[in-house]
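Enquirer: target-v4.cif (mmCIF, C-alpha atoms) pasted underneath:
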```
data_start
#
loop_
_atom_site.group_PDB
_atom_site.id
_atom_site.type_symbol
_atom_site.label_atom_id
_atom_site.label_comp_id
_atom_site.auth_asym_id
_atom_site.auth_seq_id
_atom_site.Cartn_x
_atom_site.Cartn_y
_atom_site.Cartn_z
ATOM 1 C CA MET A 1 29.585 38.661 102.770
ATOM 2 C CA PRO A 2 29.670 37.416 106.390
ATOM 3 C CA HIS A 3 33.027 37.384 108.142
ATOM 4 C CA PRO A 4 34.793 33.982 107.698
ATOM 5 C CA LEU A 5 35.138 33.590 111.469
ATOM 6 C CA LEU A 6 31.388 34.011 111.919
ATOM 7 C CA VAL A 7 30.814 31.220 109.414
ATOM 8 C CA LEU A 8 33.215 29.001 111.370
ATOM 9 C CA LEU A 9 31.589 29.863 114.673
ATOM 10 C CA GLY A 10 28.252 28.707 113.321
ATOM 11 C CA CYS A 11 29.670 25.175 113.329
ATOM 12 C CA LEU A 12 30.852 25.315 116.949
ATOM 13 C CA PRO A 13 29.045 24.238 120.100
ATOM 14 C CA GLY A 14 27.596 27.232 121.928
ATOM 15 C CA LEU A 15 30.101 27.496 124.779
ATOM 16 C CA VAL A 16 33.169 27.095 122.598
ATOM 17 C CA ALA A 17 31.788 29.574 120.071
ATOM 18 C CA VAL A 18 31.406 32.190 122.799
ATOM 19 C CA VAL A 19 34.999 31.614 123.934
ATOM 20 C CA ALA A 20 36.308 31.885 120.372
ATOM 21 C CA LEU A 21 34.280 35.019 119.654
ATOM 22 C CA THR A 22 35.557 36.635 122.848
ATOM 23 C CA LEU A 23 39.153 35.948 121.854
ATOM 24 C CA SER A 24 38.531 37.324 118.372
ATOM 25 C CA ALA A 25 37.034 40.504 119.788
ATOM 26 C CA ARG A 26 40.056 41.051 122.027
ATOM 27 C CA GLY A 27 42.478 40.634 119.144
ATOM 28 C CA GLU A 28 45.353 40.439 121.641
ATOM 29 C CA GLU A 29 46.545 36.853 121.373
ATOM 30 C CA GLN A 30 47.772 34.795 118.463
ATOM 31 C CA THR A 31 45.551 31.751 118.266
ATOM 32 C CA THR A 32 44.895 29.057 115.722
ATOM 33 C CA VAL A 33 41.541 27.326 115.465
ATOM 34 C CA ALA A 34 41.841 23.754 114.218
ATOM 35 C CA GLY A 35 40.017 23.075 110.965
ATOM 36 C CA LEU A 36 37.277 20.535 110.433
ATOM 37 C CA ASP A 37 37.605 17.251 108.526
ATOM 38 C CA GLY A 38 41.301 17.673 107.916
ATOM 39 C CA ASP A 39 41.056 21.267 106.719
ATOM 40 C CA PRO A 40 44.130 23.373 107.504
ATOM 41 C CA PRO A 41 43.995 25.525 110.642
ATOM 42 C CA VAL A 42 42.439 28.962 110.318
ATOM 43 C CA PRO A 43 44.869 31.596 111.675
ATOM 44 C CA ALA A 44 43.374 34.240 113.904
ATOM 45 C CA ARG A 45 44.428 37.886 113.948
ATOM 46 C CA ALA A 46 48.124 38.370 114.718
ATOM 47 C CA PRO A 47 48.891 39.752 118.193
ATOM 48 C CA ALA A 48 49.384 43.468 118.601
ATOM 49 C CA GLY A 49 52.400 42.713 120.771
ATOM 50 C CA HIS A 50 53.537 44.263 124.029
ATOM 51 C CA ARG A 51 57.175 45.157 123.571
ATOM 52 C CA ALA A 52 59.009 47.382 126.005
ATOM 53 C CA ALA A 53 61.974 49.561 125.142
ATOM 54 C CA ARG A 54 65.373 47.994 125.611
ATOM 55 C CA PRO A 55 67.060 49.520 128.668
ATOM 56 C CA HIS A 56 70.723 50.499 128.591
ATOM 57 C CA ILE A 57 72.872 47.415 129.168
ATOM 58 C CA VAL A 58 76.591 47.732 129.904
ATOM 59 C CA PRO A 59 78.438 45.190 127.724
ATOM 60 C CA ARG A 60 80.385 42.392 129.382
ATOM 61 C CA SER A 61 83.638 43.723 127.965
ATOM 62 C CA VAL A 62 83.442 46.558 130.535
ATOM 63 C CA TRP A 63 83.679 44.213 133.524
ATOM 64 C CA LEU A 64 85.536 41.308 131.921
ATOM 65 C CA GLY A 65 88.494 43.228 130.515
ATOM 66 C CA THR A 66 91.360 40.816 129.879
ATOM 67 C CA ALA A 67 90.172 38.300 132.493
ATOM 68 C CA GLY A 68 88.177 36.217 130.016
ATOM 69 C CA ARG A 69 89.299 32.794 128.943
ATOM 70 C CA ALA A 70 88.547 30.579 125.967
ATOM 71 C CA GLN A 71 85.114 28.999 126.285
ATOM 72 C CA PRO A 72 82.697 26.941 124.183
ATOM 73 C CA PRO A 73 80.284 28.772 121.847
ATOM 74 C CA PRO A 74 77.065 30.000 123.518
ATOM 75 C CA ARG A 75 73.957 27.830 123.351
ATOM 76 C CA TYR A 76 70.644 29.340 122.314
ATOM 77 C CA ASP A 77 66.921 28.647 122.679
ATOM 78 C CA ASP A 78 64.191 29.923 120.364
ATOM 79 C CA LYS A 79 62.960 32.547 122.846
ATOM 80 C CA VAL A 80 62.757 33.553 126.492
ATOM 81 C CA VAL A 81 59.390 32.874 128.127
ATOM 82 C CA ALA A 82 60.367 33.346 131.786
ATOM 83 C CA VAL A 83 62.825 35.279 133.918
ATOM 84 C CA PHE A 84 64.313 34.092 137.227
ATOM 85 C CA LEU A 85 65.413 36.701 139.743
ATOM 86 C CA HIS A 86 68.437 36.046 141.996
ATOM 87 C CA HIS A 87 70.607 37.854 144.462
ATOM 88 C CA THR A 88 74.364 37.291 144.423
ATOM 89 C CA ASP A 89 74.503 36.769 148.220
ATOM 90 C CA SER A 90 77.489 39.097 148.387
ATOM 91 C CA PRO A 91 78.088 42.251 150.477
ATOM 92 C CA GLY A 92 75.606 45.019 149.707
ATOM 93 C CA GLY A 93 77.339 48.188 150.864
ATOM 94 C CA TYR A 94 79.444 48.565 147.738
ATOM 95 C CA ASP A 95 80.363 51.621 145.719
ATOM 96 C CA CYS A 96 78.655 51.319 142.319
ATOM 97 C CA ALA A 97 81.891 52.388 140.640
ATOM 98 C CA ASP A 98 83.396 49.120 141.901
ATOM 99 C CA VAL A 99 80.705 46.889 140.349
ATOM 100 C CA PRO A 100 82.823 45.751 137.366
ATOM 101 C CA ASN A 101 85.361 44.376 139.862
ATOM 102 C CA ILE A 102 82.562 42.684 141.844
ATOM 103 C CA ILE A 103 81.202 40.971 138.733
ATOM 104 C CA ARG A 104 84.688 39.912 137.722
ATOM 105 C CA ARG A 105 85.137 38.234 141.127
ATOM 106 C CA LEU A 106 81.775 36.467 140.744
ATOM 107 C CA TYR A 107 82.881 35.289 137.313
ATOM 108 C CA ALA A 108 86.202 34.023 138.682
ATOM 109 C CA GLY A 109 84.417 32.043 141.386
ATOM 110 C CA GLN A 110 81.977 30.433 138.985
ATOM 111 C CA ILE A 111 84.554 29.421 136.370
ATOM 112 C CA GLY A 112 87.062 28.468 139.075
ATOM 113 C CA ASP A 113 85.436 26.784 142.098
ATOM 114 C CA ARG A 114 82.352 25.662 140.164
ATOM 115 C CA ARG A 115 84.236 24.937 136.925
ATOM 116 C CA TRP A 116 81.563 26.586 134.755
ATOM 117 C CA ASP A 117 82.486 27.790 131.286
ATOM 118 C CA ASP A 118 81.167 31.330 131.944
ATOM 119 C CA ILE A 119 79.282 33.385 134.492
ATOM 120 C CA GLY A 120 75.871 31.805 134.972
ATOM 121 C CA TYR A 121 73.639 34.902 135.084
ATOM 122 C CA ASN A 122 72.460 36.433 131.840
ATOM 123 C CA PHE A 123 72.298 39.895 133.455
ATOM 124 C CA LEU A 124 73.327 41.592 136.687
ATOM 125 C CA VAL A 125 71.832 44.743 138.220
ATOM 126 C CA ASP A 126 73.526 46.910 140.847
ATOM 127 C CA ARG A 127 71.942 49.006 143.585
ATOM 128 C CA CYS A 128 72.297 52.142 141.468
ATOM 129 C CA GLY A 129 70.133 50.628 138.739
ATOM 130 C CA THR A 130 72.884 49.876 136.226
ATOM 131 C CA ILE A 131 72.312 46.741 134.145
ATOM 132 C CA TYR A 132 75.294 44.631 133.080
ATOM 133 C CA GLU A 133 75.433 41.920 130.444
ATOM 134 C CA GLY A 134 76.515 38.661 132.059
ATOM 135 C CA ARG A 135 76.811 35.441 130.129
ATOM 136 C CA ALA A 136 78.217 35.714 126.596
ATOM 137 C CA GLY A 137 76.086 35.299 123.508
ATOM 138 C CA GLY A 138 74.255 38.581 122.988
ATOM 139 C CA ALA A 139 71.825 40.402 125.261
ATOM 140 C CA GLU A 140 69.078 40.316 122.608
ATOM 141 C CA ARG A 141 69.255 36.565 122.088
ATOM 142 C CA ALA A 142 67.835 33.657 124.121
ATOM 143 C CA VAL A 143 71.166 32.557 125.597
ATOM 144 C CA VAL A 144 71.029 29.404 127.725
ATOM 145 C CA GLY A 145 72.410 30.392 131.115
ATOM 146 C CA ALA A 146 73.421 28.511 134.267
ATOM 147 C CA HIS A 147 71.331 30.225 136.906
ATOM 148 C CA THR A 148 68.377 27.997 137.898
ATOM 149 C CA LEU A 149 69.104 24.272 137.971
ATOM 150 C CA GLY A 150 66.419 22.462 135.998
ATOM 151 C CA PHE A 151 65.079 25.606 134.339
ATOM 152 C CA ASN A 152 67.855 27.181 132.305
ATOM 153 C CA HIS A 153 66.132 26.631 128.965
ATOM 154 C CA ARG A 154 63.858 29.341 127.519
ATOM 155 C CA THR A 155 64.588 31.505 130.568
ATOM 156 C CA ALA A 156 66.905 34.359 131.530
ATOM 157 C CA GLY A 157 68.590 34.856 134.880
ATOM 158 C CA ILE A 158 68.804 38.335 136.410
ATOM 159 C CA ALA A 159 71.020 38.739 139.485
ATOM 160 C CA ALA A 160 70.608 41.619 141.918
ATOM 161 C CA ILE A 161 74.090 42.377 143.257
ATOM 162 C CA GLY A 162 73.975 42.147 147.040
ATOM 163 C CA THR A 163 72.208 40.178 149.759
ATOM 164 C CA PHE A 164 68.495 40.842 150.246
ATOM 165 C CA THR A 165 67.402 38.813 153.225
ATOM 166 C CA ALA A 166 64.523 39.925 155.460
ATOM 167 C CA GLY A 167 64.735 43.545 156.540
ATOM 168 C CA VAL A 168 67.397 44.594 154.035
ATOM 169 C CA PRO A 169 66.335 47.686 152.038
ATOM 170 C CA VAL A 170 65.969 47.101 148.303
ATOM 171 C CA PRO A 171 66.883 50.262 146.337
ATOM 172 C CA LYS A 172 64.156 51.591 144.063
ATOM 173 C CA ALA A 173 66.713 52.168 141.317
ATOM 174 C CA MET A 174 67.461 48.446 141.388
ATOM 175 C CA THR A 175 63.824 47.288 141.242
ATOM 176 C CA ASP A 176 63.067 49.809 138.492
ATOM 177 C CA ALA A 177 65.969 48.465 136.430
ATOM 178 C CA ILE A 178 64.911 44.847 137.015
ATOM 179 C CA ALA A 179 61.373 45.692 135.889
ATOM 180 C CA ALA A 180 62.649 47.436 132.757
ATOM 181 C CA LEU A 181 64.938 44.545 131.868
ATOM 182 C CA ALA A 182 62.248 41.892 132.448
ATOM 183 C CA ALA A 183 59.678 43.918 130.502
ATOM 184 C CA TRP A 184 61.999 44.131 127.504
ATOM 185 C CA LYS A 185 63.205 40.539 127.595
ATOM 186 C CA LEU A 186 59.747 38.982 128.085
ATOM 187 C CA GLY A 187 58.159 41.424 125.652
ATOM 188 C CA LEU A 188 60.229 39.963 122.827
ATOM 189 C CA ALA A 189 57.983 36.881 123.130
ATOM 190 C CA ASP A 190 54.881 38.908 124.128
ATOM 191 C CA ILE A 191 54.869 37.384 127.620
ATOM 192 C CA ASP A 192 52.970 39.219 130.362
ATOM 193 C CA PRO A 193 55.268 39.420 133.431
ATOM 194 C CA ARG A 194 52.236 38.981 135.704
ATOM 195 C CA GLU A 195 51.115 35.675 134.238
ATOM 196 C CA THR A 196 52.387 32.106 134.464
ATOM 197 C CA VAL A 197 54.097 29.872 131.918
ATOM 198 C CA ARG A 198 54.700 26.152 131.563
ATOM 199 C CA LEU A 199 58.259 24.872 131.811
ATOM 200 C CA VAL A 200 59.763 21.391 131.962
ATOM 201 C CA SER A 201 62.247 20.506 134.684
ATOM 202 C CA SER A 202 65.479 19.065 133.286
ATOM 203 C CA ASN A 203 66.963 18.025 136.636
ATOM 204 C CA SER A 204 65.505 16.172 139.628
ATOM 205 C CA GLN A 205 67.717 18.214 141.955
ATOM 206 C CA SER A 206 65.434 21.179 141.270
ATOM 207 C CA ARG A 207 62.106 21.497 143.080
ATOM 208 C CA PHE A 208 60.581 19.201 140.475
ATOM 209 C CA LYS A 209 61.455 15.797 139.110
ATOM 210 C CA ALA A 210 63.147 15.764 135.713
ATOM 211 C CA GLY A 211 60.540 15.729 132.975
ATOM 212 C CA ALA A 212 57.830 17.308 135.123
ATOM 213 C CA SER A 213 55.815 20.001 133.354
ATOM 214 C CA VAL A 214 55.151 22.765 135.872
ATOM 215 C CA THR A 215 53.454 26.146 136.008
ATOM 216 C CA LEU A 216 55.718 28.940 137.234
ATOM 217 C CA PRO A 217 55.517 32.740 137.273
ATOM 218 C CA ALA A 218 56.810 34.365 134.097
ATOM 219 C CA LEU A 219 58.837 36.611 136.419
ATOM 220 C CA ALA A 220 59.881 34.191 139.144
ATOM 221 C CA GLY A 221 62.262 34.047 142.065
ATOM 222 C CA HIS A 222 65.084 31.513 142.045
ATOM 223 C CA LYS A 223 63.357 29.670 144.887
ATOM 224 C CA ASP A 224 60.317 29.007 142.690
ATOM 225 C CA GLY A 225 62.396 26.502 140.741
ATOM 226 C CA PHE A 226 65.086 25.421 143.207
ATOM 227 C CA MET A 227 65.364 24.674 146.935
ATOM 228 C CA THR A 228 66.888 27.955 148.097
ATOM 229 C CA ASN A 229 65.994 31.230 149.821
ATOM 230 C CA CYS A 230 67.337 33.200 146.842
ATOM 231 C CA PRO A 231 66.609 36.001 145.947
ATOM 232 C CA GLY A 232 66.089 36.674 149.650
ATOM 233 C CA ALA A 233 62.933 37.548 151.561
ATOM 234 C CA ALA A 234 63.248 41.310 150.997
ATOM 235 C CA LEU A 235 63.587 41.052 147.217
ATOM 236 C CA THR A 236 60.967 38.294 146.999
ATOM 237 C CA ALA A 237 58.490 40.618 148.726
ATOM 238 C CA ARG A 238 59.047 43.186 145.970
ATOM 239 C CA LEU A 239 58.319 40.763 143.128
ATOM 240 C CA PRO A 240 54.576 41.600 142.830
ATOM 241 C CA GLU A 241 55.272 45.305 142.297
ATOM 242 C CA ILE A 242 58.170 44.527 139.936
ATOM 243 C CA ARG A 243 55.793 42.409 137.837
ATOM 244 C CA GLU A 244 53.206 45.183 137.739
ATOM 245 C CA HIS A 245 55.819 47.778 136.810
ATOM 246 C CA ALA A 246 57.152 45.536 134.037
ATOM 247 C CA ALA A 247 53.636 45.012 132.680
ATOM 248 C CA ARG A 248 53.043 48.771 132.554
ATOM 249 C CA LEU A 249 56.309 49.237 130.681
ATOM 250 C CA GLN A 250 54.988 46.752 128.113
ATOM 251 C CA GLY A 251 51.911 48.936 127.688
ATOM 252 C CA ARG A 252 49.559 46.536 129.467
ATOM 253 C CA THR A 253 46.755 48.475 131.094
ATOM 254 C CA THR A 254 44.274 45.685 131.862
ATOM 255 C CA PRO A 255 44.522 43.236 134.766
ATOM 256 C CA ALA A 256 46.346 39.991 134.117
ATOM 257 C CA LEU A 257 44.134 37.072 133.204
ATOM 258 C CA PRO A 258 44.293 33.993 135.465
ATOM 259 C CA SER A 259 44.532 31.862 132.322
ATOM 260 C CA ARG A 260 44.066 32.194 128.623
ATOM 261 C CA ILE A 261 41.867 29.824 126.629
ATOM 262 C CA ILE A 262 42.113 28.388 123.147
ATOM 263 C CA PRO A 263 38.992 26.750 121.715
ATOM 264 C CA VAL A 264 39.272 23.087 120.800
ATOM 265 C CA LEU A 265 36.892 21.735 118.197
ATOM 266 C CA PRO A 266 35.245 18.325 118.659
ATOM 267 C CA GLY A 267 37.586 15.562 117.550
ATOM 268 C CA ARG A 268 40.539 17.890 117.091
ATOM 269 C CA ALA A 269 43.604 18.610 119.197
ATOM 270 C CA GLY A 270 43.957 22.322 119.642
ATOM 271 C CA PRO A 271 47.241 24.223 119.596
ATOM 272 C CA ALA A 272 49.220 24.728 122.754
ATOM 273 C CA PHE A 273 50.838 27.903 124.058
ATOM 274 C CA PRO A 274 52.544 28.761 127.376
ATOM 275 C CA GLY A 275 50.013 29.607 130.068
ATOM 276 C CA TRP A 276 47.008 28.628 127.956
ATOM 277 C CA THR A 277 44.394 26.069 128.873
ATOM 278 C CA ALA A 278 41.722 24.585 126.678
ATOM 279 C CA PRO A 279 38.154 23.607 127.552
ATOM 280 C CA VAL A 280 37.701 19.853 127.554
ATOM 281 C CA LEU A 281 34.691 18.822 125.511
ATOM 282 C CA PRO A 282 32.747 15.646 126.398
ATOM 283 C CA GLY A 283 34.788 12.618 125.414
ATOM 284 C CA ARG A 284 37.814 14.719 124.495
ATOM 285 C CA THR A 285 41.131 15.512 126.114
ATOM 286 C CA ALA A 286 42.765 18.907 126.222
ATOM 287 C CA PRO A 287 46.043 19.439 124.355
ATOM 288 C CA ALA A 288 49.298 19.404 126.246
ATOM 289 C CA PRO A 289 50.827 22.808 127.043
ATOM 290 C CA LEU A 290 53.873 23.984 125.134
ATOM 291 C CA THR A 291 57.060 23.442 127.112
ATOM 292 C CA GLY A 292 60.690 24.377 126.818
ATOM 293 C CA THR A 293 63.464 21.989 125.897
ATOM 294 C CA PRO A 294 64.582 20.171 129.049
#
```
Transcribe the structure of this file into structure tokens.
Expert:
Amino acid sequence: MPHPLLVLLGCLPGLVAVVALTLSARGEEQTTVAGLDGDPPVPARAPAGHRAARPHIVPRSVWLGTAGRAQPPPRYDDKVVAVFLHHTDSPGGYDCADVPNIIRRLYAGQIGDRRWDDIGYNFLVDRCGTIYEGRAGGAERAVVGAHTLGFNHRTAGIAAIGTFTAGVPVPKAMTDAIAALAAWKLGLADIDPRETVRLVSSNSQSRFKAGASVTLPALAGHKDGFMTNCPGAALTARLPEIREHAARLQGRTTPALPSRIIPVLPGRAGPAFPGWTAPVLPGRTAPAPLTGTP
């Protein structure tokens, strides 16, 4: 018997059929082709997935000690689809053995002067490549942080401890650890660190008006979402290689695609996924991209 997808493709216009067949042959993305005449969607092959190994993460209890205070329960999203990279804008010539004290001081400043309920960053990385758990709630989970105004939902914030303005050396151990952490965290949702995702701004004090749906790098700098120089010119310049390293750790060996396409059948609204676009057929409109909760 002919393959069911080939039967379906026989009903599609030529261009859309080619796009759908190409996606089927790749077998890399999870897509859903809308059915005809009210039929239920036909699920495509499940994604193979690109998960990276979880790097070693020092638990927050190591740096927090007895300095913690009572705080509200953590808030969670369904998944993390983007990572924002920061620097702490603090002195960089520290002894790595003193990092727990440094993080504890950052925590004290954020819950004191800023009156936050916890440290804002989900993770912190020191110049020796050690990764620390930041905000409470579980490193594996999609904890809502307080790191990028307007884009704290469905994202994770990674802070490089130090100041990385133009001309400041960025240790390889640090960039390697950032790549490993981003690869693992984004891999849980099968997000390619080299691609872009769609997010919704929740605050007009960000770079984008509240409610705006914007395309941002899956592994972004703080300044991509907020008016700031963070994570500094030196660390920003390393972002392309960090993205590539993270992609390799996920097992991605092919170049990143500029966009991914889902076929939309005539008269039907196709599904929407982060970073995907859909061809607009004559007289039709493309579906809206999936966005995070503002």
Enquirer: So, counting all atoms listed in the file, which residue among A:Ile103, A:Val62, A:Leu199, A:Leu85 is closest to Leu181 of chain A?
Expert: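 Counting all atoms listed in the file, the residue closest to Leu181 of chain A is A:Leu85.
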Enquirer: What does the distance from atom CA of Asp117 of chain A to atom CA of Val143 of chain A come to in Å, to one decimal?
Expert: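 So the two atoms, atom CA of Asp117 of chain A and atom CA of Val143 of chain A, lie 13.5 Å apart.
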Enquirer: Which residues match the PyMOL selection byres ((chain A and resi 159) around 8) in the file above, as a count of residues only?
Expert: 12
Enquirer: What separation in Å, quoted to one decimal, exists between atom CA of Ala182 of chain A and atom CA of His222 of chain A?
Expert: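 Separating atom CA of Ala182 of chain A from atom CA of His222 of chain A is a distance of 14.4 Å.
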Enquirer: Hey, can you check how far atom CA of Arg243 of chain A sits from atom CA of Phe208 of chain A?
Expert: 23.8 Å
Enquirer: For this structure, which residues satisfy the selection - the PyMOL selection byres ((chain A and resi 138-141) around 9) - when it is evaluated on the file as given? I want them as a list in words.
Expert: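 Applied to this file, the PyMOL selection byres ((chain A and resi 138-141) around 9) returns Ile57, Pro59, Tyr76, Asp77, Asp78, Lys79, Val80, Asn122, Phe123, Glu133, Gly134, Arg135, Ala136, Gly137, Ala142, Val143, Lys185 and Leu188 of chain A.
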Enquirer: The PyMOL selection byres ((chain A and resi 90) around 6) on the file shown: which residues, as a list in words?
Expert: Thr88, Asp89, Pro91, Gly162 and Thr163 of chain A
Enquirer: Could you write those residues out with C-alpha atoms, as a PDB file, in the frame of the given file?
Expert:
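Output below, filename part.pdb:
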```pdb
ATOM      1  CA  THR A  88      74.364  37.291 144.423  1.00  0.00           C
ATOM      2  CA  ASP A  89      74.503  36.769 148.220  1.00  0.00           C
ATOM      3  CA  PRO A  91      78.088  42.251 150.477  1.00  0.00           C
ATOM      4  CA  GLY A 162      73.975  42.147 147.040  1.00  0.00           C
ATOM      5  CA  THR A 163      72.208  40.178 149.759  1.00  0.00           C
TER       6      THR A 163
END
```
Enquirer: With only C-alpha atoms as the atoms that count, which of A:Gly68, A:Gly211, A:Gly150, A:Gly93 lies nearest to Ala108 of chain A?
Expert: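 Of A:Gly68, A:Gly211, A:Gly150, A:Gly93, the one nearest Ala108 of chain A, counting only C-alpha atoms, is A:Gly68.
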Enquirer: So which one's closest to Ala247 of chain A, A:Ala52, A:Leu149, A:Ala234, A:Ile178? Using only C-alpha atoms, please.
Expert: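 For Ala247 of chain A, the nearest of the candidates is A:Ala52.
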Enquirer: Rank A:Gly112, A:Gly187, A:Pro72, A:Gly120 by their smallest atom-to-atom distance to Arg248 of chain A, using only C-alpha atoms, and report the top residue only.
Expert: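 Ranked by minimum distance to Arg248 of chain A, first place goes to A:Gly187.
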Enquirer: Pick out the residues sitting within 8 Å of Gly232 of chain A, and hand them over as number ranges by chain; count only C-alpha atoms, and ignore anything fewer than 3 positions along from it in its own chain.
Expert: A: 87, 163-166, 229, 235-236
Enquirer: Using C-alpha atoms, can you write the selected residues to a file as a PDB file, in the coordinates of the input?
Expert:
```pdb
ATOM      1  CA  HIS A  87      70.607  37.854 144.462  1.00  0.00           C
ATOM      2  CA  THR A 163      72.208  40.178 149.759  1.00  0.00           C
ATOM      3  CA  PHE A 164      68.495  40.842 150.246  1.00  0.00           C
ATOM      4  CA  THR A 165      67.402  38.813 153.225  1.00  0.00           C
ATOM      5  CA  ALA A 166      64.523  39.925 155.460  1.00  0.00           C
ATOM      6  CA  ASN A 229      65.994  31.230 149.821  1.00  0.00           C
ATOM      7  CA  LEU A 235      63.587  41.052 147.217  1.00  0.00           C
ATOM      8  CA  THR A 236      60.967  38.294 146.999  1.00  0.00           C
TER       9      THR A 236
END
```
Enquirer: Using all atoms listed in the file, which of the listed residues (A:His147, A:Arg154, A:Arg69, A:His56) sits closest to Ser206 of chain A?
Expert: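 Selected residue with least distance to Ser206 of chain A: A:His147.
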Enquirer: Nearest to Asp176 of chain A: which of A:Glu195, A:Asp113, A:Asp118, A:Glu244 is it, counting only C-alpha atoms?
Expert: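 Nearest to Asp176 of chain A: A:Glu244.
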